Amino acid sequence: MSKTVLLVEDDRELRATLRDALQVEGHRVLAAASLADARALLAHAADREGIDLVLLDLGLPDGTGDTLLAELRRERGTPLIVISARPGEDQKVRLLDAGADDYLVKPFSLAELLARMRVAWRHRGTHVAPATLRYERTGIAVDLEAHRVQRDGAEVHLTPTEYRLLARLVRQAGQVVTHRQLLLDVWGPEYTEHTHYLRLYMAQLRAKLEVEPADPQVLLTEPGVGYRLAESTTD
Ligand code: CA
């Protein structure tokens with residue numbers, strides 16, 4: 001399914017590589033080398049077919065990508081993935097809080113980029129409901145409708161809090177969810193600083209669900225930022 005991607009990247013070589021790769025995947029690519037270029041393309045596209053996803057570099061010759069993210073989030077819910085060389089943990093959290101769908105640290109593989117784009121579309125796109133009610137990966141199956149968690153076909157018993165935490169991650173499978181967001185949604189607004197709750201409950205979930213809890217393949221840590229449930233293998 002062909003989509004229009006706005007690529008904002010001032011590195012000429014990377015811009016050309018990404019543009020070609022995305023075109024091979026069947027997407028239409030609008031490429032911008034600066035914030036000014038990006039704003040012009042956005043204004044133009046708004047009257048026409050629109051833009052389905054923005055890939056945004058942060059260090060741009062006429063400013064930082066953060067400003068464009070803020071402008072976009074005020075106006076529309078277009079999926080947006082930040083691509084950046086060395087974002088700090090604080091910066092990652094700030095970008096996610098500001099409404100970025102995800103971030104990729106350069107250098108990243110094309111496969112990684114395409115996976116993140118697919119996830120962003122799944123969560124913001126039209127076919128949201130089915131994908132977010134069922135989750136499946138490496139023997140773990142979660143059915144939010146039936147309120148059921150299984151591992152290798154056997155029922156897994158979770159405490160209510162463990163289940164709420166897992167369900168929150170399933171609803172955004174494939175994307176990073178910040179500590180603050182998880183604490184807010186699972187425990188409530190007065191608990192957003194209690195990151196030790198998360199560490200404790202994630203350890204419990206991993207013990208019940210991961211093949212090797214010490215080397216998690218599904219419940220992934222994003223250091224200093226939050227957690228990411230590996231992308232579901234069902235669609
Ligand atoms: Ca740059």
# chains A, B, ... in the order shown; residues from 1 in each chain; ligands from 1
call {"tool": "residues_around", "arguments": {"residues": "segment 194-204 of chain A", "least_positions_apart": "4", "cutoff": "10 Å", "atoms": "only C-alpha atoms", "output": "list in words"}}
result
Leu158, Thr159, Thr161, Glu162, Tyr163, Leu165, Leu166, His179, Arg180, Leu182, Leu183, Leu184, Val186, Trp187, Glu190, Lys208, Leu209, Glu210, Pro213, Ala214, Pro216, Leu219, Leu220, Thr221, Gly226 and Tyr227 of chain A
call {"tool": "write_last_selection", "arguments": {"atoms": "N, CA, C and O atoms", "output": "mmCIF file, in the first residue's frame"}}
result
data_model
loop_
_atom_site.group_PDB
_atom_site.id
_atom_site.type_symbol
_atom_site.label_atom_id
_atom_site.label_comp_id
_atom_site.auth_asym_id
_atom_site.auth_seq_id
_atom_site.Cartn_x
_atom_site.Cartn_y
_atom_site.Cartn_z
ATOM 1 N N LEU A 158 -1.618 -14.026 36.000
ATOM 2 C CA LEU A 158 -1.006 -12.738 36.330
ATOM 3 C C LEU A 158 -1.828 -12.058 37.416
ATOM 4 O O LEU A 158 -3.047 -12.219 37.472
ATOM 5 N N THR A 159 -1.161 -11.286 38.255
ATOM 6 C CA THR A 159 -1.890 -10.463 39.220
ATOM 7 C C THR A 159 -2.560 -9.325 38.434
ATOM 8 O O THR A 159 -2.157 -9.027 37.302
ATOM 9 N N THR A 161 -2.312 -6.161 38.653
ATOM 10 C CA THR A 161 -1.371 -5.103 38.251
ATOM 11 C C THR A 161 -0.455 -5.586 37.134
ATOM 12 O O THR A 161 -0.185 -4.855 36.174
ATOM 13 N N GLU A 162 0.027 -6.814 37.232
ATOM 14 C CA GLU A 162 0.859 -7.362 36.155
ATOM 15 C C GLU A 162 0.071 -7.357 34.843
ATOM 16 O O GLU A 162 0.602 -6.996 33.792
ATOM 17 N N TYR A 163 -1.191 -7.737 34.929
ATOM 18 C CA TYR A 163 -2.007 -7.778 33.715
ATOM 19 C C TYR A 163 -2.202 -6.379 33.127
ATOM 20 O O TYR A 163 -2.080 -6.180 31.924
ATOM 21 N N LEU A 165 -0.278 -3.819 33.391
ATOM 22 C CA LEU A 165 0.987 -3.373 32.803
ATOM 23 C C LEU A 165 1.215 -4.044 31.446
ATOM 24 O O LEU A 165 1.547 -3.381 30.458
ATOM 25 N N LEU A 166 0.998 -5.347 31.392
ATOM 26 C CA LEU A 166 1.176 -6.062 30.131
ATOM 27 C C LEU A 166 0.187 -5.551 29.074
ATOM 28 O O LEU A 166 0.558 -5.317 27.920
ATOM 29 N N HIS A 179 8.491 5.460 31.044
ATOM 30 C CA HIS A 179 8.217 5.110 32.448
ATOM 31 C C HIS A 179 7.013 5.901 32.955
ATOM 32 O O HIS A 179 6.100 5.352 33.575
ATOM 33 N N ARG A 180 7.038 7.197 32.685
ATOM 34 C CA ARG A 180 6.005 8.076 33.200
ATOM 35 C C ARG A 180 4.619 7.658 32.690
ATOM 36 O O ARG A 180 3.655 7.592 33.436
ATOM 37 N N LEU A 182 3.660 4.715 31.587
ATOM 38 C CA LEU A 182 3.250 3.432 32.167
ATOM 39 C C LEU A 182 2.756 3.612 33.600
ATOM 40 O O LEU A 182 1.717 3.070 33.981
ATOM 41 N N LEU A 183 3.486 4.387 34.378
ATOM 42 C CA LEU A 183 3.090 4.599 35.776
ATOM 43 C C LEU A 183 1.753 5.338 35.842
ATOM 44 O O LEU A 183 0.880 5.009 36.646
ATOM 45 N N LEU A 184 1.600 6.300 34.962
ATOM 46 C CA LEU A 184 0.363 7.079 34.913
ATOM 47 C C LEU A 184 -0.829 6.182 34.559
ATOM 48 O O LEU A 184 -1.868 6.215 35.229
ATOM 49 N N VAL A 186 -1.058 2.760 34.529
ATOM 50 C CA VAL A 186 -1.263 1.530 35.287
ATOM 51 C C VAL A 186 -1.515 1.818 36.768
ATOM 52 O O VAL A 186 -2.369 1.198 37.386
ATOM 53 N N TRP A 187 -0.801 2.792 37.327
ATOM 54 C CA TRP A 187 -0.927 3.064 38.765
ATOM 55 C C TRP A 187 -1.694 4.364 39.072
ATOM 56 O O TRP A 187 -2.342 4.453 40.098
ATOM 57 N N GLU A 190 -0.560 9.941 40.757
ATOM 58 C CA GLU A 190 0.279 10.217 41.926
ATOM 59 C C GLU A 190 1.501 9.295 42.002
ATOM 60 O O GLU A 190 2.314 9.400 42.914
ATOM 61 N N LYS A 208 7.476 -14.717 34.432
ATOM 62 C CA LYS A 208 6.341 -15.547 34.024
ATOM 63 C C LYS A 208 6.272 -15.776 32.513
ATOM 64 O O LYS A 208 5.693 -16.762 32.068
ATOM 65 N N LEU A 209 6.849 -14.849 31.737
ATOM 66 C CA LEU A 209 6.631 -14.917 30.295
ATOM 67 C C LEU A 209 7.874 -15.200 29.452
ATOM 68 O O LEU A 209 7.775 -15.813 28.394
ATOM 69 N N GLU A 210 9.019 -14.717 29.892
ATOM 70 C CA GLU A 210 10.215 -14.863 29.060
ATOM 71 C C GLU A 210 10.824 -16.258 29.228
ATOM 72 O O GLU A 210 10.791 -16.834 30.324
ATOM 73 N N PRO A 213 14.395 -15.010 31.576
ATOM 74 C CA PRO A 213 14.054 -13.697 32.128
ATOM 75 C C PRO A 213 15.232 -12.718 32.189
ATOM 76 O O PRO A 213 15.040 -11.502 32.075
ATOM 77 N N ALA A 214 16.452 -13.243 32.340
ATOM 78 C CA ALA A 214 17.619 -12.365 32.435
ATOM 79 C C ALA A 214 18.029 -11.836 31.062
ATOM 80 O O ALA A 214 18.809 -10.887 30.962
ATOM 81 N N PRO A 216 15.743 -10.852 28.241
ATOM 82 C CA PRO A 216 14.394 -10.740 27.677
ATOM 83 C C PRO A 216 14.393 -10.489 26.170
ATOM 84 O O PRO A 216 15.202 -9.717 25.656
ATOM 85 N N LEU A 219 9.822 -8.469 26.437
ATOM 86 C CA LEU A 219 9.637 -7.297 27.295
ATOM 87 C C LEU A 219 10.975 -6.563 27.381
ATOM 88 O O LEU A 219 11.801 -6.851 28.232
ATOM 89 N N LEU A 220 11.166 -5.617 26.472
ATOM 90 C CA LEU A 220 12.483 -5.014 26.293
ATOM 91 C C LEU A 220 12.639 -3.716 27.078
ATOM 92 O O LEU A 220 11.695 -2.932 27.198
ATOM 93 N N THR A 221 13.844 -3.507 27.594
ATOM 94 C CA THR A 221 14.160 -2.271 28.306
ATOM 95 C C THR A 221 14.719 -1.250 27.323
ATOM 96 O O THR A 221 15.582 -1.582 26.524
ATOM 97 N N GLY A 226 12.115 3.837 29.000
ATOM 98 C CA GLY A 226 10.891 3.092 29.279
ATOM 99 C C GLY A 226 11.024 1.664 28.838
ATOM 100 O O GLY A 226 12.109 1.077 28.893
ATOM 101 N N TYR A 227 9.913 1.072 28.388
ATOM 102 C CA TYR A 227 9.901 -0.322 27.946
ATOM 103 C C TYR A 227 9.222 -0.432 26.586
ATOM 104 O O TYR A 227 8.386 0.402 26.224
#
call {"tool": "residues_near_ligand", "arguments": {"ligand": "ligand 1", "cutoff": "8 Å", "atoms": "only C-alpha atoms and all ligand atoms", "output": "list in words"}}
result
Glu9, Asp10, Asp11, Asp57, Leu58, Gly59, Leu60, Pro61, Ser84 and Ala85 of chain A
call {"tool": "select_by_dssp", "arguments": {"residues": "segment 9-220 of chain A", "states": "alpha helix (DSSP H)", "output": "NGL selection string"}}
result
:A and (12-24 or 35-46 or 65-75 or 89-97 or 110-124 or 128-133 or 160-171 or 179-186 or 195-209)
call {"tool": "select_by_dssp", "arguments": {"residues": "segment 5-120 of chain A", "states": "strand (DSSP E or B)", "output": "number ranges by chain"}}
result
A: 5-8, 28-32, 53-57, 59-60, 63-64, 80-84, 102-105
call {"tool": "closest_residue", "arguments": {"among": "A:Arg15, A:Arg94, A:Arg76, A:Arg122", "to": "Ala31 of chain A", "atoms": "only C-alpha atoms"}}
result
A:Arg15
call {"tool": "atom_distance", "arguments": {"atom1": "atom CA of Glu25 of chain A", "atom2": "atom CA of Ser2 of chain A"}}
result
8.3 Å
call {"tool": "closest_residue", "arguments": {"among": "A:Ala230, A:Ala21, A:Ala36, A:Leu133", "to": "Arg116 of chain A", "atoms": "only C-alpha atoms"}}
result
A:Ala230
call {"tool": "residues_around", "arguments": {"residues": "Val29 of chain A", "least_positions_apart": "5", "cutoff": "10 Å", "atoms": "only C-alpha atoms", "output": "number ranges by chain"}}
result
A: 3-7, 18-23, 51, 53-54
call {"tool": "residues_around", "arguments": {"residues": "Leu113 of chain A", "least_positions_apart": "5", "cutoff": "10 Å", "atoms": "only C-alpha atoms", "output": "PyMOL selection string"}}
result
chain A and resi 18+22+55+81+83+103-104+108+118-119
call {"tool": "write_last_selection", "arguments": {"atoms": "all heavy atoms", "output": "compact mmCIF listing (two decimals), in the first residue's frame"}}
result
# COMPACT_ATOMS: atom_id res chain seq x y z
N LEU A 18 17.90 6.88 2.00
CA LEU A 18 16.58 6.59 2.56
C LEU A 18 15.49 6.80 1.51
O LEU A 18 14.55 6.01 1.42
CB LEU A 18 16.32 7.49 3.78
CG LEU A 18 17.12 7.15 5.04
CD1 LEU A 18 16.84 8.17 6.13
CD2 LEU A 18 16.78 5.75 5.53
N LEU A 22 13.00 3.80 0.40
CA LEU A 22 11.56 3.90 0.64
C LEU A 22 10.79 3.85 -0.68
O LEU A 22 9.69 3.31 -0.75
CB LEU A 22 11.24 5.18 1.41
CG LEU A 22 11.74 5.18 2.87
CD1 LEU A 22 11.53 6.54 3.51
CD2 LEU A 22 11.04 4.10 3.68
N LEU A 55 9.59 11.43 8.82
CA LEU A 55 10.86 10.98 9.39
C LEU A 55 11.67 12.23 9.64
O LEU A 55 11.98 12.98 8.71
CB LEU A 55 11.61 10.07 8.41
CG LEU A 55 11.00 8.70 8.16
CD1 LEU A 55 11.80 7.96 7.09
CD2 LEU A 55 10.95 7.89 9.44
N ILE A 81 8.45 9.75 13.28
CA ILE A 81 9.58 9.02 13.87
C ILE A 81 10.81 9.90 13.80
O ILE A 81 11.15 10.42 12.73
CB ILE A 81 9.81 7.69 13.11
CG1 ILE A 81 8.58 6.78 13.26
CG2 ILE A 81 11.06 6.98 13.65
CD1 ILE A 81 8.63 5.52 12.41
N ILE A 83 14.71 10.54 13.72
CA ILE A 83 15.96 9.84 13.40
C ILE A 83 17.09 10.75 13.84
O ILE A 83 17.16 11.91 13.44
CB ILE A 83 16.06 9.47 11.90
CG1 ILE A 83 15.74 10.67 10.98
CG2 ILE A 83 15.11 8.35 11.56
CD1 ILE A 83 15.93 10.37 9.50
N TYR A 103 11.64 6.71 18.03
CA TYR A 103 12.90 7.29 17.56
C TYR A 103 13.81 6.16 17.09
O TYR A 103 13.68 5.02 17.54
CB TYR A 103 13.60 8.09 18.67
CG TYR A 103 13.76 7.32 19.94
CD1 TYR A 103 14.76 6.35 20.08
CD2 TYR A 103 12.88 7.51 21.00
CE1 TYR A 103 14.87 5.61 21.23
CE2 TYR A 103 12.99 6.77 22.16
CZ TYR A 103 13.98 5.82 22.27
OH TYR A 103 14.09 5.07 23.41
N LEU A 104 14.68 6.48 16.18
CA LEU A 104 15.69 5.53 15.72
C LEU A 104 17.04 6.22 15.85
O LEU A 104 17.20 7.38 15.45
CB LEU A 104 15.45 5.16 14.26
CG LEU A 104 14.45 4.05 14.00
CD1 LEU A 104 14.04 4.05 12.54
CD2 LEU A 104 15.04 2.70 14.38
N PHE A 108 20.91 3.09 11.60
CA PHE A 108 19.91 2.05 11.79
C PHE A 108 19.74 1.30 10.47
O PHE A 108 20.11 1.81 9.41
CB PHE A 108 18.57 2.65 12.23
CG PHE A 108 18.13 3.82 11.39
CD1 PHE A 108 17.50 3.62 10.18
CD2 PHE A 108 18.36 5.12 11.81
CE1 PHE A 108 17.10 4.70 9.39
CE2 PHE A 108 17.96 6.20 11.02
CZ PHE A 108 17.34 5.99 9.82
N ARG A 118 5.85 0.58 10.11
CA ARG A 118 4.68 -0.30 10.11
C ARG A 118 3.94 -0.20 11.45
O ARG A 118 2.72 -0.08 11.50
CB ARG A 118 5.17 -1.73 9.88
CG ARG A 118 4.15 -2.69 9.36
CD ARG A 118 4.81 -3.97 8.88
NE ARG A 118 5.68 -4.59 9.86
CZ ARG A 118 6.96 -4.90 9.64
NH1 ARG A 118 7.53 -4.65 8.47
NH2 ARG A 118 7.70 -5.46 10.59
N VAL A 119 4.71 -0.22 12.52
CA VAL A 119 4.11 -0.13 13.85
C VAL A 119 3.41 1.22 14.03
O VAL A 119 2.29 1.29 14.54
CB VAL A 119 5.18 -0.35 14.94
CG1 VAL A 119 4.66 0.05 16.30
CG2 VAL A 119 5.63 -1.80 14.95
call {"tool": "closest_residue", "arguments": {"among": "A:Arg86, A:Val24, A:Gly188, A:Arg137", "to": "Pro107 of chain A", "atoms": "only C-alpha atoms"}}
result
A:Arg86
call {"tool": "residues_around", "arguments": {"residues": "Thr233 of chain A", "least_positions_apart": "6", "cutoff": "12 Å", "atoms": "only C-alpha atoms", "output": "PyMOL selection string"}}
result
chain A and resi 115+119+131-132+134-142+173-174+218
call {"tool": "decode", "arguments": {"residues": "segment 174-216 of chain A", "atoms": "N, CA and C atoms", "output": "PDB file, in the first residue's frame"}}
result
ATOM      1  N   GLY A 174       5.406  -2.897  19.958  1.00  0.00           N
ATOM      2  CA  GLY A 174       6.366  -2.461  18.958  1.00  0.00           C
ATOM      3  C   GLY A 174       6.888  -1.058  19.197  1.00  0.00           C
ATOM      4  N   GLN A 175       6.194  -0.308  20.072  1.00  0.00           N
ATOM      5  CA  GLN A 175       6.626   1.066  20.342  1.00  0.00           C
ATOM      6  C   GLN A 175       7.127   1.194  21.778  1.00  0.00           C
ATOM      7  N   VAL A 176       8.041   2.135  21.967  1.00  0.00           N
ATOM      8  CA  VAL A 176       8.523   2.394  23.314  1.00  0.00           C
ATOM      9  C   VAL A 176       7.442   3.178  24.080  1.00  0.00           C
ATOM     10  N   VAL A 177       7.241   2.814  25.341  1.00  0.00           N
ATOM     11  CA  VAL A 177       6.324   3.553  26.209  1.00  0.00           C
ATOM     12  C   VAL A 177       7.152   4.057  27.394  1.00  0.00           C
ATOM     13  N   THR A 178       7.071   5.339  27.689  1.00  0.00           N
ATOM     14  CA  THR A 178       7.945   5.905  28.730  1.00  0.00           C
ATOM     15  C   THR A 178       7.530   5.427  30.122  1.00  0.00           C
ATOM     16  N   HIS A 179       8.491   5.460  31.044  1.00  0.00           N
ATOM     17  CA  HIS A 179       8.217   5.110  32.448  1.00  0.00           C
ATOM     18  C   HIS A 179       7.013   5.901  32.955  1.00  0.00           C
ATOM     19  N   ARG A 180       7.038   7.197  32.685  1.00  0.00           N
ATOM     20  CA  ARG A 180       6.005   8.076  33.200  1.00  0.00           C
ATOM     21  C   ARG A 180       4.619   7.658  32.690  1.00  0.00           C
ATOM     22  N   GLN A 181       4.563   7.354  31.385  1.00  0.00           N
ATOM     23  CA  GLN A 181       3.287   6.976  30.787  1.00  0.00           C
ATOM     24  C   GLN A 181       2.769   5.672  31.389  1.00  0.00           C
ATOM     25  N   LEU A 182       3.660   4.715  31.587  1.00  0.00           N
ATOM     26  CA  LEU A 182       3.250   3.432  32.167  1.00  0.00           C
ATOM     27  C   LEU A 182       2.756   3.612  33.600  1.00  0.00           C
ATOM     28  N   LEU A 183       3.486   4.387  34.378  1.00  0.00           N
ATOM     29  CA  LEU A 183       3.090   4.599  35.776  1.00  0.00           C
ATOM     30  C   LEU A 183       1.753   5.338  35.842  1.00  0.00           C
ATOM     31  N   LEU A 184       1.600   6.300  34.962  1.00  0.00           N
ATOM     32  CA  LEU A 184       0.363   7.079  34.913  1.00  0.00           C
ATOM     33  C   LEU A 184      -0.829   6.182  34.559  1.00  0.00           C
ATOM     34  N   ASP A 185      -0.663   5.354  33.538  1.00  0.00           N
ATOM     35  CA  ASP A 185      -1.790   4.556  33.046  1.00  0.00           C
ATOM     36  C   ASP A 185      -2.086   3.331  33.913  1.00  0.00           C
ATOM     37  N   VAL A 186      -1.058   2.760  34.529  1.00  0.00           N
ATOM     38  CA  VAL A 186      -1.263   1.530  35.287  1.00  0.00           C
ATOM     39  C   VAL A 186      -1.515   1.818  36.768  1.00  0.00           C
ATOM     40  N   TRP A 187      -0.801   2.792  37.327  1.00  0.00           N
ATOM     41  CA  TRP A 187      -0.927   3.064  38.765  1.00  0.00           C
ATOM     42  C   TRP A 187      -1.694   4.364  39.072  1.00  0.00           C
ATOM     43  N   GLY A 188      -1.557   5.350  38.195  1.00  0.00           N
ATOM     44  CA  GLY A 188      -2.269   6.598  38.430  1.00  0.00           C
ATOM     45  C   GLY A 188      -1.346   7.797  38.568  1.00  0.00           C
ATOM     46  N   PRO A 189      -1.920   9.005  38.460  1.00  0.00           N
ATOM     47  CA  PRO A 189      -1.125  10.235  38.390  1.00  0.00           C
ATOM     48  C   PRO A 189      -0.212  10.480  39.602  1.00  0.00           C
ATOM     49  N   GLU A 190      -0.560   9.941  40.757  1.00  0.00           N
ATOM     50  CA  GLU A 190       0.279  10.217  41.926  1.00  0.00           C
ATOM     51  C   GLU A 190       1.501   9.295  42.002  1.00  0.00           C
ATOM     52  N   TYR A 191       1.637   8.395  41.019  1.00  0.00           N
ATOM     53  CA  TYR A 191       2.727   7.410  41.063  1.00  0.00           C
ATOM     54  C   TYR A 191       3.793   7.599  39.984  1.00  0.00           C
ATOM     55  N   THR A 192       3.742   8.728  39.270  1.00  0.00           N
ATOM     56  CA  THR A 192       4.604   8.850  38.085  1.00  0.00           C
ATOM     57  C   THR A 192       6.102   8.883  38.400  1.00  0.00           C
ATOM     58  N   GLU A 193       6.467   9.068  39.663  1.00  0.00           N
ATOM     59  CA  GLU A 193       7.902   9.058  40.005  1.00  0.00           C
ATOM     60  C   GLU A 193       8.354   7.683  40.521  1.00  0.00           C
ATOM     61  N   HIS A 194       7.410   6.766  40.711  1.00  0.00           N
ATOM     62  CA  HIS A 194       7.729   5.482  41.344  1.00  0.00           C
ATOM     63  C   HIS A 194       8.271   4.449  40.362  1.00  0.00           C
ATOM     64  N   THR A 195       9.400   4.743  39.723  1.00  0.00           N
ATOM     65  CA  THR A 195       9.918   3.828  38.697  1.00  0.00           C
ATOM     66  C   THR A 195      10.315   2.465  39.284  1.00  0.00           C
ATOM     67  N   HIS A 196      10.548   2.400  40.599  1.00  0.00           N
ATOM     68  CA  HIS A 196      10.890   1.100  41.191  1.00  0.00           C
ATOM     69  C   HIS A 196       9.708   0.124  41.102  1.00  0.00           C
ATOM     70  N   TYR A 197       8.469   0.629  41.076  1.00  0.00           N
ATOM     71  CA  TYR A 197       7.310  -0.250  40.860  1.00  0.00           C
ATOM     72  C   TYR A 197       7.458  -0.976  39.528  1.00  0.00           C
ATOM     73  N   LEU A 198       7.844  -0.172  38.519  1.00  0.00           N
ATOM     74  CA  LEU A 198       7.979  -0.733  37.176  1.00  0.00           C
ATOM     75  C   LEU A 198       9.040  -1.817  37.139  1.00  0.00           C
ATOM     76  N   ARG A 199      10.181  -1.525  37.739  1.00  0.00           N
ATOM     77  CA  ARG A 199      11.268  -2.512  37.732  1.00  0.00           C
ATOM     78  C   ARG A 199      10.795  -3.819  38.365  1.00  0.00           C
ATOM     79  N   LEU A 200      10.102  -3.692  39.471  1.00  0.00           N
ATOM     80  CA  LEU A 200       9.605  -4.858  40.195  1.00  0.00           C
ATOM     81  C   LEU A 200       8.608  -5.660  39.346  1.00  0.00           C
ATOM     82  N   TYR A 201       7.615  -4.961  38.818  1.00  0.00           N
ATOM     83  CA  TYR A 201       6.574  -5.662  38.058  1.00  0.00           C
ATOM     84  C   TYR A 201       7.077  -6.193  36.723  1.00  0.00           C
ATOM     85  N   MET A 202       8.026  -5.468  36.102  1.00  0.00           N
ATOM     86  CA  MET A 202       8.592  -5.997  34.862  1.00  0.00           C
ATOM     87  C   MET A 202       9.368  -7.275  35.154  1.00  0.00           C
ATOM     88  N   ALA A 203      10.078  -7.312  36.261  1.00  0.00           N
ATOM     89  CA  ALA A 203      10.819  -8.524  36.624  1.00  0.00           C
ATOM     90  C   ALA A 203       9.848  -9.693  36.809  1.00  0.00           C
ATOM     91  N   GLN A 204       8.707  -9.417  37.446  1.00  0.00           N
ATOM     92  CA  GLN A 204       7.710 -10.478  37.654  1.00  0.00           C
ATOM     93  C   GLN A 204       7.132 -10.958  36.325  1.00  0.00           C
ATOM     94  N   LEU A 205       6.817 -10.006  35.457  1.00  0.00           N
ATOM     95  CA  LEU A 205       6.268 -10.382  34.147  1.00  0.00           C
ATOM     96  C   LEU A 205       7.277 -11.207  33.351  1.00  0.00           C
ATOM     97  N   ARG A 206       8.537 -10.764  33.390  1.00  0.00           N
ATOM     98  CA  ARG A 206       9.566 -11.500  32.646  1.00  0.00           C
ATOM     99  C   ARG A 206       9.716 -12.912  33.201  1.00  0.00           C
ATOM    100  N   ALA A 207       9.656 -13.043  34.512  1.00  0.00           N
ATOM    101  CA  ALA A 207       9.795 -14.370  35.120  1.00  0.00           C
ATOM    102  C   ALA A 207       8.668 -15.293  34.652  1.00  0.00           C
ATOM    103  N   LYS A 208       7.476 -14.717  34.432  1.00  0.00           N
ATOM    104  CA  LYS A 208       6.341 -15.547  34.024  1.00  0.00           C
ATOM    105  C   LYS A 208       6.272 -15.776  32.513  1.00  0.00           C
ATOM    106  N   LEU A 209       6.849 -14.849  31.737  1.00  0.00           N
ATOM    107  CA  LEU A 209       6.631 -14.917  30.295  1.00  0.00           C
ATOM    108  C   LEU A 209       7.874 -15.200  29.452  1.00  0.00           C
ATOM    109  N   GLU A 210       9.019 -14.717  29.892  1.00  0.00           N
ATOM    110  CA  GLU A 210      10.215 -14.863  29.060  1.00  0.00           C
ATOM    111  C   GLU A 210      10.824 -16.258  29.228  1.00  0.00           C
ATOM    112  N   VAL A 211      11.415 -16.766  28.151  1.00  0.00           N
ATOM    113  CA  VAL A 211      12.120 -18.054  28.226  1.00  0.00           C
ATOM    114  C   VAL A 211      13.325 -17.905  29.159  1.00  0.00           C
ATOM    115  N   GLU A 212      14.080 -16.810  28.947  1.00  0.00           N
ATOM    116  CA  GLU A 212      15.200 -16.499  29.840  1.00  0.00           C
ATOM    117  C   GLU A 212      14.978 -15.099  30.389  1.00  0.00           C
ATOM    118  N   PRO A 213      14.395 -15.010  31.576  1.00  0.00           N
ATOM    119  CA  PRO A 213      14.054 -13.697  32.128  1.00  0.00           C
ATOM    120  C   PRO A 213      15.232 -12.718  32.189  1.00  0.00           C
ATOM    121  N   ALA A 214      16.452 -13.243  32.340  1.00  0.00           N
ATOM    122  CA  ALA A 214      17.619 -12.365  32.435  1.00  0.00           C
ATOM    123  C   ALA A 214      18.029 -11.836  31.062  1.00  0.00           C
ATOM    124  N   ASP A 215      17.508 -12.450  30.016  1.00  0.00           N
ATOM    125  CA  ASP A 215      17.849 -12.023  28.659  1.00  0.00           C
ATOM    126  C   ASP A 215      16.541 -11.862  27.870  1.00  0.00           C
ATOM    127  N   PRO A 216      15.743 -10.852  28.241  1.00  0.00           N
ATOM    128  CA  PRO A 216      14.394 -10.740  27.677  1.00  0.00           C
ATOM    129  C   PRO A 216      14.393 -10.489  26.170  1.00  0.00           C
TER     130      PRO A 216
END
